[in-house]
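Asker: My structure is in structure_3.cif, and what it holds is mmCIF, C-alpha atoms:
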```cif
data_run
#
loop_
_atom_site.label_atom_id
_atom_site.label_comp_id
_atom_site.auth_asym_id
_atom_site.auth_seq_id
_atom_site.Cartn_x
_atom_site.Cartn_y
_atom_site.Cartn_z
CA MET A 1 8.15 -43.22 19.38
CA ALA A 2 7.23 -41.73 22.72
CA ILE A 3 9.43 -44.30 24.50
CA PHE A 4 12.31 -43.45 22.16
CA ASP A 5 11.86 -39.74 22.85
CA GLY A 6 11.77 -40.45 26.58
CA LEU A 7 15.01 -42.45 26.44
CA LYS A 8 16.63 -39.78 24.30
CA PHE A 9 15.64 -37.18 26.85
CA LEU A 10 17.07 -39.21 29.75
CA VAL A 11 20.37 -39.76 27.96
CA PHE A 12 20.94 -36.47 26.15
CA GLY A 13 18.76 -34.14 28.12
CA PRO A 14 16.35 -31.53 26.79
CA ALA A 15 16.44 -30.49 23.14
CA ARG A 16 18.60 -27.56 22.11
CA ALA A 17 16.84 -24.51 20.80
CA ALA A 18 17.20 -23.68 17.11
CA ASP A 19 19.81 -21.11 16.14
CA ASP A 20 17.20 -18.85 14.59
CA ASP A 21 14.91 -18.88 17.61
CA VAL A 22 14.74 -16.00 20.07
CA TRP A 23 15.26 -16.49 23.81
CA PHE A 24 13.86 -13.91 26.17
CA HIS A 25 13.76 -13.16 29.87
CA HIS A 26 11.06 -10.96 31.34
CA TRP A 27 11.65 -8.55 34.20
CA LEU A 28 9.06 -8.13 36.91
CA THR A 29 10.57 -5.78 39.47
CA ASN A 30 11.33 -2.12 39.07
CA SER A 31 14.83 -2.56 40.39
CA GLU A 32 15.64 -4.95 37.58
CA VAL A 33 15.16 -2.18 35.05
CA LYS A 34 17.55 0.59 35.97
CA ARG A 35 17.44 4.19 34.97
CA GLY A 36 20.23 4.88 32.54
CA ALA A 37 21.35 1.29 32.36
CA LEU A 38 18.77 -1.19 31.24
CA ASN A 39 19.36 -4.60 32.68
CA HIS A 40 22.06 -3.96 35.24
CA PRO A 41 24.67 -6.74 35.11
CA LYS A 42 23.81 -7.40 38.74
CA CYS A 43 20.27 -8.26 37.66
CA TRP A 44 21.57 -10.94 35.31
CA GLU A 45 23.87 -12.13 38.06
CA ASN A 46 20.91 -12.32 40.44
CA ALA A 47 18.81 -14.17 37.88
CA LYS A 48 21.25 -17.05 37.61
CA SER A 49 21.03 -20.21 39.64
CA ALA A 50 23.48 -23.06 39.96
CA CYS A 51 23.04 -25.93 37.53
CA PRO A 52 22.71 -29.48 38.78
CA ARG A 53 26.08 -31.22 38.47
CA ARG A 54 24.97 -33.39 35.58
CA ALA A 55 21.29 -33.73 35.01
CA PHE A 56 21.55 -36.13 32.06
CA ILE A 57 24.05 -38.78 31.06
CA PHE A 58 25.67 -36.98 28.12
CA SER A 59 24.61 -33.44 28.77
CA PRO A 60 27.39 -30.89 29.31
CA ILE A 61 28.07 -29.83 32.86
CA GLY A 62 26.61 -26.38 33.18
CA LYS A 63 27.68 -23.93 35.83
CA TYR A 64 24.70 -21.58 35.87
CA GLU A 65 21.29 -21.40 34.30
CA ILE A 66 18.83 -18.57 33.77
CA SER A 67 15.17 -19.22 33.16
CA GLY A 68 13.55 -17.68 30.14
CA ARG A 69 11.25 -18.51 27.25
CA LEU A 70 11.50 -19.30 23.56
CA ARG A 71 9.62 -17.00 21.24
CA SER A 72 8.76 -19.77 18.78
CA ARG A 73 6.88 -21.66 21.49
CA ALA A 74 5.32 -18.71 23.27
CA ASP A 75 1.89 -17.34 22.54
CA SER A 76 2.54 -14.06 24.31
CA VAL A 77 5.28 -12.12 26.07
CA GLU A 78 3.52 -9.51 28.15
CA ALA A 79 0.35 -11.48 28.88
CA TYR A 80 2.30 -14.41 30.29
CA ALA A 81 4.64 -12.21 32.36
CA THR A 82 1.64 -10.34 33.72
CA SER A 83 -0.01 -13.60 34.70
CA VAL A 84 3.13 -14.64 36.59
CA ALA A 85 3.19 -11.28 38.38
CA ASP A 86 -0.50 -11.62 39.23
CA LYS A 87 0.10 -15.06 40.71
CA ARG A 88 2.82 -13.65 42.91
CA LYS A 89 0.62 -10.82 44.01
CA ALA A 90 -2.14 -13.25 44.89
CA ALA A 91 0.32 -15.44 46.79
CA ASN A 92 1.60 -12.43 48.67
CA GLN A 93 -1.77 -10.90 49.49
CA ASN A 94 -1.39 -8.13 46.91
CA ARG A 95 1.67 -6.73 48.67
CA SER A 96 3.94 -7.73 45.83
CA SER A 97 5.16 -4.96 43.55
CA HIS A 98 5.74 -7.40 40.74
CA GLU A 99 4.43 -6.36 37.37
CA PHE A 100 5.67 -6.58 33.82
CA ARG A 101 8.59 -4.14 33.48
CA GLY A 102 9.96 -5.24 30.14
CA ALA A 103 11.86 -8.12 28.58
CA SER A 104 15.29 -8.76 27.11
CA PHE A 105 15.46 -10.61 23.80
CA GLY A 106 18.38 -12.29 22.07
CA ARG A 107 18.78 -14.59 19.09
CA VAL A 108 19.93 -18.02 20.17
CA HIS A 109 22.73 -17.88 17.60
CA ASP A 110 24.01 -14.62 19.09
CA LEU A 111 23.85 -16.02 22.61
CA ARG A 112 25.82 -19.07 21.52
CA SER A 113 28.46 -16.75 20.06
CA ILE A 114 29.36 -15.23 23.43
CA GLU A 115 33.08 -15.75 23.96
CA SER A 116 33.39 -15.43 27.72
CA ALA A 117 31.31 -18.55 28.35
CA GLN A 118 29.89 -21.49 26.50
CA VAL A 119 26.20 -20.79 26.16
CA GLU A 120 23.48 -23.27 25.32
CA VAL A 121 19.75 -22.73 25.22
CA TYR A 122 17.53 -25.69 26.04
CA CYS A 123 13.82 -26.25 25.56
CA THR A 124 12.57 -27.04 29.05
CA PRO A 125 8.77 -26.86 28.92
CA ASP A 126 6.85 -27.42 32.12
CA ASP A 127 3.22 -27.70 33.11
CA ASP A 128 2.84 -23.96 33.58
CA ASP A 129 4.76 -22.83 30.54
CA THR A 130 5.25 -24.81 27.35
CA ALA A 131 7.69 -22.12 26.12
CA HIS A 132 9.96 -22.36 29.16
CA SER A 133 13.64 -22.48 28.27
CA ASP A 134 16.88 -22.48 30.19
CA LEU A 135 19.96 -20.57 29.14
CA VAL A 136 22.88 -22.60 30.46
CA LEU A 137 26.36 -21.18 30.98
CA SER A 138 29.35 -23.52 31.11
CA ASP A 139 33.11 -23.04 30.71
CA VAL A 140 32.53 -19.68 32.31
CA GLN A 141 35.49 -17.30 32.22
CA MET A 142 36.75 -16.83 35.77
CA ILE A 143 39.11 -14.43 37.43
CA SER A 144 40.47 -14.94 40.95
CA GLY A 145 37.74 -17.47 41.62
CA GLU A 146 34.95 -15.11 40.54
CA VAL A 147 32.84 -15.13 37.40
CA SER A 148 34.32 -12.58 35.03
CA ARG A 149 32.22 -9.45 34.74
CA GLU A 150 32.74 -9.87 31.00
CA VAL A 151 30.19 -12.69 31.03
CA TRP A 152 27.42 -10.34 32.13
CA ALA A 153 28.61 -7.61 29.77
CA ASP A 154 28.56 -10.08 26.87
CA LEU A 155 25.12 -11.30 27.83
CA ARG A 156 23.78 -7.76 27.92
CA ASP A 157 25.38 -7.06 24.54
CA ALA A 158 23.68 -10.08 22.99
CA MET A 159 20.27 -9.00 24.26
CA THR A 160 17.92 -6.17 23.39
CA PHE A 161 15.70 -4.68 26.03
CA ALA A 162 12.09 -3.93 25.16
CA ALA A 163 10.07 -1.77 27.53
CA PRO A 164 6.33 -2.20 28.00
CA GLY A 165 4.46 -0.39 25.22
CA SER A 166 7.58 0.02 23.09
CA VAL A 167 7.83 -0.58 19.37
CA GLU A 168 10.46 -3.23 20.08
CA LEU A 169 8.07 -5.14 22.30
CA ARG A 170 5.24 -4.89 19.78
CA ASN A 171 7.58 -6.26 17.14
CA GLN A 172 8.46 -9.21 19.34
CA GLU A 173 4.82 -9.81 20.27
CA SER A 174 3.91 -9.89 16.59
CA GLN A 175 6.41 -12.68 16.07
CA VAL A 176 5.50 -15.03 18.89
CA GLY A 177 5.12 -18.54 17.55
CA VAL A 178 7.78 -18.01 14.91
CA ARG A 179 11.57 -18.10 15.03
CA SER A 180 13.15 -15.26 13.09
CA MET B 181 33.70 13.28 53.40
CA THR B 182 31.66 13.64 50.26
CA ALA B 183 31.94 10.00 49.41
CA LEU B 184 30.84 9.00 52.90
CA ASN B 185 27.72 11.11 52.69
CA TYR B 186 27.12 10.01 49.17
CA PHE B 187 27.34 6.35 49.93
CA ASP B 188 25.52 6.47 53.22
CA LEU B 189 22.53 8.10 51.60
CA LEU B 190 22.82 5.89 48.60
CA ARG B 191 22.81 2.81 50.75
CA ARG B 192 19.62 3.85 52.47
CA THR B 193 17.81 4.45 49.23
CA ILE B 194 18.87 1.35 47.36
CA SER B 195 15.85 -0.82 46.94
CA VAL B 196 16.41 -4.03 45.11
CA GLU B 197 13.94 -6.82 45.09
CA PRO B 198 14.75 -10.44 44.43
CA SER B 199 14.80 -11.41 40.79
CA ILE B 200 12.08 -13.53 39.29
CA ASP B 201 14.02 -16.74 39.78
CA GLU B 202 14.93 -16.03 43.35
CA ALA B 203 11.50 -15.04 44.51
CA SER B 204 9.23 -18.00 44.24
CA ALA B 205 5.59 -17.54 45.03
CA GLU B 206 6.04 -19.60 48.16
CA ASN B 207 9.08 -17.78 49.44
CA GLU B 208 8.72 -14.26 48.23
CA THR B 209 10.37 -11.42 50.04
CA GLU B 210 9.82 -7.80 49.28
CA GLY B 211 12.02 -4.82 49.92
CA LEU B 212 15.70 -4.44 50.44
CA LEU B 213 18.35 -6.94 49.59
CA PRO B 214 20.85 -6.67 52.41
CA VAL B 215 24.30 -5.44 51.49
CA SER B 216 27.01 -6.96 53.69
CA PRO B 217 28.87 -4.65 56.09
CA ALA B 218 32.16 -5.54 54.40
CA ALA B 219 30.80 -4.55 50.98
CA LYS B 220 29.47 -1.27 52.36
CA ALA B 221 32.76 -0.43 54.04
CA SER B 222 34.65 -1.40 50.93
CA ALA B 223 32.47 0.74 48.65
CA LEU B 224 32.73 3.65 51.04
CA ARG B 225 36.48 3.50 51.10
CA PHE B 226 36.70 3.16 47.35
CA PHE B 227 34.42 6.08 46.56
CA GLU B 228 36.21 8.27 49.07
CA LYS B 229 39.37 7.71 47.06
CA LEU B 230 37.69 7.91 43.69
CA LEU B 231 35.74 11.09 44.35
CA ASP B 232 38.51 12.97 46.06
CA ARG B 233 38.60 16.33 44.26
CA GLY B 234 36.12 15.21 41.67
CA SER B 235 32.60 14.17 40.90
CA PHE B 236 31.01 11.60 38.68
CA LEU B 237 31.32 12.29 34.99
CA VAL B 238 29.15 9.35 34.07
CA GLU B 239 25.80 8.53 35.61
CA PRO B 240 26.12 5.43 37.80
CA SER B 241 23.46 2.79 38.11
CA VAL B 242 23.42 0.82 41.35
CA ALA B 243 22.05 -2.61 42.18
CA ALA B 244 22.45 -4.96 45.11
CA GLY B 245 23.16 -8.62 44.63
CA ASN B 246 21.34 -11.41 46.36
CA ASP B 247 24.64 -12.48 47.92
CA GLY B 248 25.35 -9.31 49.92
CA SER B 249 27.31 -7.63 47.14
CA ILE B 250 26.62 -4.28 45.54
CA GLY B 251 27.39 -3.23 41.98
CA PHE B 252 27.89 0.15 40.33
CA LEU B 253 27.69 0.46 36.57
CA PHE B 254 28.97 3.49 34.69
CA GLU B 255 27.91 3.32 31.08
CA ARG B 256 27.92 5.89 28.36
CA GLN B 257 28.32 5.32 24.65
CA GLU B 258 31.52 3.34 24.23
CA LEU B 259 32.36 3.29 27.93
CA TYR B 260 31.38 0.46 30.28
CA VAL B 261 32.76 0.36 33.82
CA ASP B 262 31.36 -2.29 36.15
CA ILE B 263 32.47 -2.03 39.80
CA ASP B 264 31.33 -4.80 42.08
CA PHE B 265 31.93 -4.92 45.82
CA LYS B 266 31.83 -8.49 47.04
CA SER B 267 30.18 -9.46 50.30
CA ASP B 268 33.63 -10.17 51.77
CA GLY B 269 34.86 -6.67 50.90
CA ARG B 270 36.84 -7.43 47.76
CA LEU B 271 36.53 -5.16 44.75
CA HIS B 272 35.91 -6.60 41.32
CA TYR B 273 36.22 -4.06 38.55
CA PHE B 274 35.84 -4.38 34.84
CA VAL B 275 36.45 -1.77 32.16
CA ARG B 276 35.39 -2.07 28.54
CA ILE B 277 35.77 0.56 25.87
CA ASN B 278 34.32 0.13 22.40
CA LYS B 279 33.30 -3.41 23.37
CA GLU B 280 36.92 -4.30 24.04
CA THR B 281 37.94 -5.28 27.52
CA GLN B 282 40.62 -2.97 28.90
CA ALA B 283 41.00 -4.10 32.49
CA GLU B 284 39.55 -6.51 35.00
CA ALA B 285 40.75 -7.46 38.45
CA VAL B 286 39.59 -8.73 41.80
CA LEU B 287 41.35 -6.82 44.57
CA LYS B 288 41.52 -6.76 48.32
CA PRO B 289 40.79 -3.34 49.84
CA ARG B 290 44.42 -2.53 50.50
CA PHE B 291 45.16 -2.74 46.79
CA TYR B 292 42.44 -0.34 45.66
CA GLU B 293 44.81 2.33 44.41
CA SER B 294 45.40 0.62 41.09
CA ALA B 295 41.67 0.40 40.44
CA VAL B 296 41.19 4.02 41.44
CA ARG B 297 43.89 5.09 39.00
CA THR B 298 42.38 3.03 36.18
CA ILE B 299 38.81 4.12 36.69
CA ARG B 300 39.29 7.69 37.79
CA GLY B 301 40.07 9.15 34.42
CA LEU B 302 37.03 7.48 32.92
CA VAL B 303 34.26 8.28 35.36
CA VAL B 304 35.46 11.19 37.48
CA LEU B 305 35.33 14.78 36.43
CA GLU B 306 38.52 16.35 37.73
CA GLN B 307 37.96 19.79 39.18
CA GLU B 308 39.75 22.47 41.11
CA PRO B 309 39.71 21.61 44.82
CA ARG B 310 37.37 24.47 45.67
CA THR B 311 34.85 23.43 43.10
CA ALA B 312 35.26 19.73 43.57
CA ILE B 313 33.09 19.33 46.62
CA LEU B 314 29.57 18.11 46.09
CA THR B 315 27.63 20.94 47.55
CA ARG B 316 24.19 19.55 47.59
CA VAL B 317 22.99 16.02 47.21
CA ASP B 318 19.39 15.08 46.85
CA ILE B 319 18.76 11.41 47.00
CA GLY B 320 15.28 10.16 46.92
CA SER B 321 12.67 7.82 45.74
CA SER B 322 9.02 8.32 45.15
CA ALA B 323 8.51 7.73 48.87
CA GLU B 324 10.99 10.19 50.28
CA MET B 325 13.47 12.84 49.29
CA HIS B 326 16.55 13.90 51.19
CA SER B 327 18.30 17.15 50.59
CA VAL B 328 21.65 17.29 52.27
CA PRO B 329 24.00 20.23 52.05
CA ILE B 330 27.48 18.78 52.27
CA ALA B 331 29.62 21.86 51.84
CA SER B 332 29.28 25.36 50.56
CA PRO B 333 32.29 26.55 48.63
CA ALA B 334 32.07 29.83 46.82
CA ARG B 335 31.93 28.22 43.41
CA ASP B 336 29.95 25.07 43.78
CA THR B 337 28.90 22.29 41.49
CA PRO B 338 25.37 21.29 42.38
CA ILE B 339 24.53 17.73 41.66
CA ARG B 340 21.21 16.13 42.15
CA LEU B 341 21.00 12.41 42.72
CA VAL B 342 17.74 10.81 41.77
CA ASN B 343 16.73 7.29 42.65
CA ALA B 344 19.73 5.50 43.98
CA GLY B 345 22.61 6.63 41.93
CA SER B 346 21.16 8.25 38.87
CA TYR B 347 21.93 11.91 38.84
CA GLN B 348 21.56 14.95 36.72
CA ARG B 349 23.47 18.15 36.86
CA LEU B 350 21.45 21.24 37.63
CA GLU B 351 22.32 24.79 36.90
CA PRO B 352 23.15 26.64 40.12
CA SER B 353 20.18 28.90 39.60
CA LEU B 354 17.85 25.92 39.75
CA VAL B 355 19.06 24.64 43.10
#
```
What does the file become when written as structure tokens?
Answerer:
Amino acid sequence: MAIFDGLKFLVFGPARAADDDVWFHHWLTNSEVKRGALNHPKCWENAKSACPRRAFIFSPIGKYEISGRLRSRADSVEAYATSVADKRKAANQNRSSHEFRGASFGRVHDLRSIESAQVEVYCTPDDDDTAHSDLVLSDVQMISGEVSREVWADLRDAMTFAAPGSVELRNQESQVGVRS
Amino acid sequence: MTALNYFDLLRRTISVEPSIDEASAENETEGLLPVSPAAKASALRFFEKLLDRGSFLVEPSVAAGNDGSIGFLFERQELYVDIDFKSDGRLHYFVRINKETQAEAVLKPRFYESAVRTIRGLVVLEQEPRTAILTRVDIGSSAEMHSVPIASPARDTPIRLVNAGSYQRLEPSLV
């Protein structure tokens, strides 16, 4: 069974997240959480990285990916983000200003419904984080060779920001380990 | 020259750190993300045109990109105006009202007029010339606060900028 799963992974790539799961991205720098405009589109733009051309034989060719986590596989939101920030502080001799500033949450179904890009959410656990998940953007709407700003607007619309200590965050924390 | 002063001070106070994915523990950098000279010049020119005889009606939020670009977001209720200055100086603007896209274009600096016309009515408060000048701009962070008198017309409109682009109007008696 393990061999079969391994072959399946090599051919089709990582498993897709369930529609009723919740994908989230935590923010660690103050500048990522703007006064008057939570989650500046530039922050989402900065968070993206280019996808490998084709990581798996039959996987779609993604253009960008953004790292995040799946709520159903996570055992915490704030505690994990804080631990990441602490690691960065330790690696940077406590000069890092990273700390948990909040997180943006969106239902996988809603993310997949974005019209300005084809969005897929993959389960991509690693040694440090079994809840790790990549949001992959393909067929991205372009204008004059640039990614349409509509993509970032749509992404923001599909997400809800939860500040540290907020009711929204407590609600999400109470549902870690479950989908929706 | 209100836009020049505005942007020059704004530029100095913008502090954007790399996002979580860009700043690995091994290669972490703190502090400012550099905005390219072309993007700065482009933004300066644009805001000079946009703010001529007016001031912001909607509070802008500013963030630098990790590619030398700089973005301004004007958002209030149904309005969403995203203005992005690319590192090569091009302007990319996007207007959405009631979640419906109204306009989007990528323009070279010499074609800015159309963007100014589109955006002006949405984010600029038109005023009489004598009252249009920003008379006092405070831009600051927790570390420092600048207070720069730009002009002193008889009937002024004090505006206080707080933390890189956010601003609140103050009653003249409070300034």
Asker: Identify which of the residues B:Lys220, B:Arg297, B:Arg225, B:Arg256 lies closest to chain A, counting all atoms listed in the file when measuring atom-to-atom distances.
Answerer: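 Closest to chain A of all the choices is B:Arg256.
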Asker: Within 10 Å of Met142 in chain A, counting all atoms listed in the file, which residues show up once you throw out same-chain ones fewer than 5 positions away? Write them as a PDB file with C-alpha atoms, keeping the file's coordinate frame, please.
Answerer:
```pdb
ATOM      1  CA  SER A 116      33.390 -15.430  27.720  1.00  0.00           C
ATOM      2  CA  ALA A 117      31.310 -18.550  28.350  1.00  0.00           C
ATOM      3  CA  VAL A 147      32.840 -15.130  37.400  1.00  0.00           C
ATOM      4  CA  SER A 148      34.320 -12.580  35.030  1.00  0.00           C
ATOM      5  CA  ARG A 149      32.220  -9.450  34.740  1.00  0.00           C
ATOM      6  CA  GLU A 150      32.740  -9.870  31.000  1.00  0.00           C
ATOM      7  CA  VAL A 151      30.190 -12.690  31.030  1.00  0.00           C
TER       8      VAL A 151
END
```
Asker: Take the PyMOL selection byres ((chain A) within 10 of (chain B)), run it mentally on this structure, and tell me the resulting residues as number ranges by chain.
Answerer: A: 25-38, 40-49, 66-68, 84-85, 87-92, 95-98, 143-150, 152-154, 157
Asker: Can you write out the residues you just picked, keeping C-alpha atoms, as a JSON list (two decimals), keeping the file's coordinate frame?
Answerer:
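Result file follows (result37.json):
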```
[["chain", "number", "residue", "atom", "x", "y", "z"],
["A", 25, "HIS", "CA", 13.76, -13.16, 29.87],
["A", 26, "HIS", "CA", 11.06, -10.96, 31.34],
["A", 27, "TRP", "CA", 11.65, -8.55, 34.20],
["A", 28, "LEU", "CA", 9.06, -8.13, 36.91],
["A", 29, "THR", "CA", 10.57, -5.78, 39.47],
["A", 30, "ASN", "CA", 11.33, -2.12, 39.07],
["A", 31, "SER", "CA", 14.83, -2.56, 40.39],
["A", 32, "GLU", "CA", 15.64, -4.95, 37.58],
["A", 33, "VAL", "CA", 15.16, -2.18, 35.05],
["A", 34, "LYS", "CA", 17.55, 0.59, 35.97],
["A", 35, "ARG", "CA", 17.44, 4.19, 34.97],
["A", 36, "GLY", "CA", 20.23, 4.88, 32.54],
["A", 37, "ALA", "CA", 21.35, 1.29, 32.36],
["A", 38, "LEU", "CA", 18.77, -1.19, 31.24],
["A", 40, "HIS", "CA", 22.06, -3.96, 35.24],
["A", 41, "PRO", "CA", 24.67, -6.74, 35.11],
["A", 42, "LYS", "CA", 23.81, -7.40, 38.74],
["A", 43, "CYS", "CA", 20.27, -8.26, 37.66],
["A", 44, "TRP", "CA", 21.57, -10.94, 35.31],
["A", 45, "GLU", "CA", 23.87, -12.13, 38.06],
["A", 46, "ASN", "CA", 20.91, -12.32, 40.44],
["A", 47, "ALA", "CA", 18.81, -14.17, 37.88],
["A", 48, "LYS", "CA", 21.25, -17.05, 37.61],
["A", 49, "SER", "CA", 21.03, -20.21, 39.64],
["A", 66, "ILE", "CA", 18.83, -18.57, 33.77],
["A", 67, "SER", "CA", 15.17, -19.22, 33.16],
["A", 68, "GLY", "CA", 13.55, -17.68, 30.14],
["A", 84, "VAL", "CA", 3.13, -14.64, 36.59],
["A", 85, "ALA", "CA", 3.19, -11.28, 38.38],
["A", 87, "LYS", "CA", 0.10, -15.06, 40.71],
["A", 88, "ARG", "CA", 2.82, -13.65, 42.91],
["A", 89, "LYS", "CA", 0.62, -10.82, 44.01],
["A", 90, "ALA", "CA", -2.14, -13.25, 44.89],
["A", 91, "ALA", "CA", 0.32, -15.44, 46.79],
["A", 92, "ASN", "CA", 1.60, -12.43, 48.67],
["A", 95, "ARG", "CA", 1.67, -6.73, 48.67],
["A", 96, "SER", "CA", 3.94, -7.73, 45.83],
["A", 97, "SER", "CA", 5.16, -4.96, 43.55],
["A", 98, "HIS", "CA", 5.74, -7.40, 40.74],
["A", 143, "ILE", "CA", 39.11, -14.43, 37.43],
["A", 144, "SER", "CA", 40.47, -14.94, 40.95],
["A", 145, "GLY", "CA", 37.74, -17.47, 41.62],
["A", 146, "GLU", "CA", 34.95, -15.11, 40.54],
["A", 147, "VAL", "CA", 32.84, -15.13, 37.40],
["A", 148, "SER", "CA", 34.32, -12.58, 35.03],
["A", 149, "ARG", "CA", 32.22, -9.45, 34.74],
["A", 150, "GLU", "CA", 32.74, -9.87, 31.00],
["A", 152, "TRP", "CA", 27.42, -10.34, 32.13],
["A", 153, "ALA", "CA", 28.61, -7.61, 29.77],
["A", 154, "ASP", "CA", 28.56, -10.08, 26.87],
["A", 157, "ASP", "CA", 25.38, -7.06, 24.54]]
```
Asker: Using the chain letters and numbering of this document, enumerate as a PyMOL selection string the residues selected by the PyMOL selection byres ((chain A and resi 70) around 9).
Answerer: chain A and resi 17+21-24+68-69+71-74+123+131-133+176-177+179
Asker: Using CA of Ala81 in chain A and CA of Leu155 in chain A as the two end points, give the distance in Å to one decimal.
Answerer: 21.0 Å
